[in-house]
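Written below as structure tokens is the structure these notes are about.
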Amino acid sequence: MKTAHFIASLFVLFVTLSVWCQPTYPKASPFSKIEQQIGLTSLSIEYSRPAVRGRQLFGKLIPYGRIWRVGANESTKFSTNKEITILGNKLSPGTYALYAFPEEDVWEVVFHKNTTHWGDGRTAYDAAEDAFRVRIKLQENIEWQENFLISFDSITHNGAVMQWKWGTRKISVPMEAGTQKEMLHTIEEHMKGSPTAQDYYEAARYFQEEGIANETALGYLEKAIALGGDTYYYYRVKSLVEAAVKNYSAAIVSAQRSLTLAQAEGKDEFVRMNKENIARWKELE
């Protein structure tokens with residue numbers, strides 16, 4: 001029995017060492033993960049990045065009319081922590097497989113609920129498990145893209161554009177996040193408590209960046225200054241809101257105050273921005 005146990009132990013050790021000694025090889029289509037914040041929404045994409053390597057891509061390597069995994073290796077995963085809207089379609093929080101059905105001019109982009117398929121799941125793919133599909137026109141990509149690339153661009157508090165680029169073609173998928181509705185509710189509730197000077201400033205800055213509620217923003221900035229004292233960034237935002245309502249005389253006064261305070265703290269960028277705005281607003285008075 002002892003001999004048998006010893007032999008079994010040696011076998012386990014041999015197998016373990018064999019696994020340990022297996023070399024790791026680089027993948028032809030390396031894995032990549034991107035994360036993007038859109039307002040209060042967190043998006044992430046996990047995918048692999050094949051290269052062109054001199055091959056003809058669309059219509060050959062990627063056949064028309066057949067499902068494509070949007071990359072290489074296992075299926076591409078798209079995750080969102082909040083509900084987003086894609087061309088009128090609501091996408092609930094969760095993780096989805098990204099697929100596409102390419103054609104010469106227009107592609108169908110698929111957000112698919114089943115993430116267990118390897119690759120495109122061609123034989124197991126079931127359209128009934130799609131969250132939805134959207135039709136997107138294929139565009140020219142000005143700069144050559146050797147490795148397939150997924151990225152986000154045109155990012156605002158309320159949305160972004162997901163882009164796929166490969167070779168000389170690209171796909172742009174616009175998506176919207178419900179940031180503004182959530183923020184307005186959050187600000188309203190928070191102001192029922194005991195807001196600080198910074199609370200008033202951050203709320204006003206958000207309104208200014210969104211171009212909404214200018215009068216409320218000005219009221220909040222007055223309260224921020226009253227509670228927190230003179231700061232260059234309070235007056236900077238105040239000047240921008242005053243300019244937005246075309247009160248250029250007041251905007252110049254606020255910008256000048258911001259400039260003076262910024263100079264005292266060595267904030268050269270704010271000095272420059274305030275000088276540029278003052279010059280522009282003087283022409284509009």
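If you're wondering about the labels, chains in the structure tokens are A, B, ... by order shown, residues count from 1 in each chain, ligands from 1 in order shown.
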* Asked: Any idea what's packed within 10 Å of A:Phe132, counting only C-alpha atoms, ignoring anything in its chain fewer than 6 positions away? Could you give it as a list of chain:residue names?
  ->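 So, after excluding close chain neighbours, the residues are A:Ile86, A:Asn89, A:Lys90, A:Leu91, A:Glu108, A:Val109, A:Val110, A:Phe111, A:His112, A:Lys113.
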* DSSP strand (DSSP E) selection over stretch 10-259 of chain A, as a ChimeraX atom specification -> /A:31-38,41-48,76-80,84-86,89-91,94-101,106-112,130-137,139-153,159-177
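With only C-alpha atoms as the basis for measurement, A:Arg205 is the residue among A:Arg205, A:Arg49, A:Arg280, A:Lys137 that approaches A:Val241 most closely.
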* Please provide as an MDAnalysis selection string all residues within 8 Å of stretch 65-77 of chain A, with the sequence filter that same-chain residues fewer than 3 positions apart are discarded (counting only C-alpha atoms). => chainID A and resid 29 45:50 62 95:103 115 117:120 122 148
* Give me the residues within 7 Å of stretch 162-168 of chain A as a PyMOL selection string, counting only C-alpha atoms and dropping any in the same chain fewer than 4 places off. => chain A and resi 52+140-153+172-174
What would the file look like if the residues just selected were written as a PDB file, in the first residue's frame with C-alpha atoms?
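Done, and the output landed in again-v5.pdb:
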```
ATOM      1  CA  VAL A  52      -4.809  43.059 -40.851  1.00  0.00           C
ATOM      2  CA  GLU A 140     -14.492  55.507 -44.200  1.00  0.00           C
ATOM      3  CA  ASN A 141     -11.668  55.611 -41.665  1.00  0.00           C
ATOM      4  CA  ILE A 142      -9.194  58.316 -42.706  1.00  0.00           C
ATOM      5  CA  GLU A 143      -6.164  56.858 -40.901  1.00  0.00           C
ATOM      6  CA  TRP A 144      -5.085  53.238 -41.389  1.00  0.00           C
ATOM      7  CA  GLN A 145      -5.909  50.990 -38.411  1.00  0.00           C
ATOM      8  CA  GLU A 146      -3.737  47.857 -38.396  1.00  0.00           C
ATOM      9  CA  ASN A 147      -5.113  46.196 -35.248  1.00  0.00           C
ATOM     10  CA  PHE A 148      -8.866  46.122 -34.733  1.00  0.00           C
ATOM     11  CA  LEU A 149      -9.732  48.875 -32.269  1.00  0.00           C
ATOM     12  CA  ILE A 150     -12.782  49.618 -30.122  1.00  0.00           C
ATOM     13  CA  SER A 151     -12.869  53.026 -28.450  1.00  0.00           C
ATOM     14  CA  PHE A 152     -15.183  55.744 -27.125  1.00  0.00           C
ATOM     15  CA  ASP A 153     -15.259  59.287 -28.473  1.00  0.00           C
ATOM     16  CA  SER A 172     -19.926  54.497 -34.971  1.00  0.00           C
ATOM     17  CA  VAL A 173     -22.573  53.509 -32.426  1.00  0.00           C
ATOM     18  CA  PRO A 174     -24.076  56.443 -30.447  1.00  0.00           C
TER      19      PRO A 174
END
```
* **Neighbour list for A:Glu182 as number ranges by chain, cut-off 12 Å, only C-alpha atoms, skip fewer than 6 positions in-chain** => A: 39-41, 82-83, 157-158, 188-189
Keeping only C-alpha atoms, write those residues as a compact mmCIF listing (two decimals), in the first residue's frame.
```
# COMPACT_ATOMS: atom_id res chain seq x y z
CA GLY A 39 -21.39 60.86 -16.58
CA LEU A 40 -22.33 58.49 -13.76
CA THR A 41 -22.33 55.38 -15.97
CA LYS A 82 -26.62 51.54 -15.53
CA GLU A 83 -29.33 51.58 -18.16
CA HIS A 157 -21.94 63.81 -19.32
CA ASN A 158 -24.89 62.32 -21.17
CA GLU A 188 -32.59 68.68 -5.56
CA GLU A 189 -32.49 66.15 -2.73
```
* To do: Select from stretch 64-250 of chain A everything DSSP, run on the backbone, classes as alpha helix (DSSP H), then give the selection as a PyMOL selection string.
  => chain A and resi 179-190+197-210+214-228+232-244+248-250
* **Separation of atom CA of A:Ala213 from atom CA of A:Ile278 in Å** =>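 So the answer is 23.1 Å.
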* **atom CA of A:Ala127 to atom CA of A:Asn114, distance in Å rounded to a single decimal** =>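 Going from atom CA of A:Ala127 over to atom CA of A:Asn114, I get 10.0 Å.
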* Could you check how far atom CA of A:Val106 sits from atom CA of A:Gln139, in Å to one decimal? =>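 Straight-line distance from atom CA of A:Val106 to atom CA of A:Gln139 works out to 9.1 Å.
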* To do: Find the residues around A:Leu221 up to 7 Å (only C-alpha atoms counted), leave out those fewer than 5 positions away in its own chain, and share them as a list in words.
  => Tyr200, Tyr201, Ala204, Tyr234 and Lys238 of chain A
* **Among listed residues A:Ser254, A:Ser249, A:Gln208, A:Gln263, nearest A:Trp281 (using only C-alpha atoms)** =>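 The shortest atom-to-atom distance to A:Trp281 comes from A:Ser249.
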* To do: Excluding A:Arg236 and any residue of its chain fewer than 5 positions from it, enumerate the residues within 9 Å of it, using only C-alpha atoms, and give them as a ChimeraX atom specification.
  => /A:231,241,251,254-259,270,274
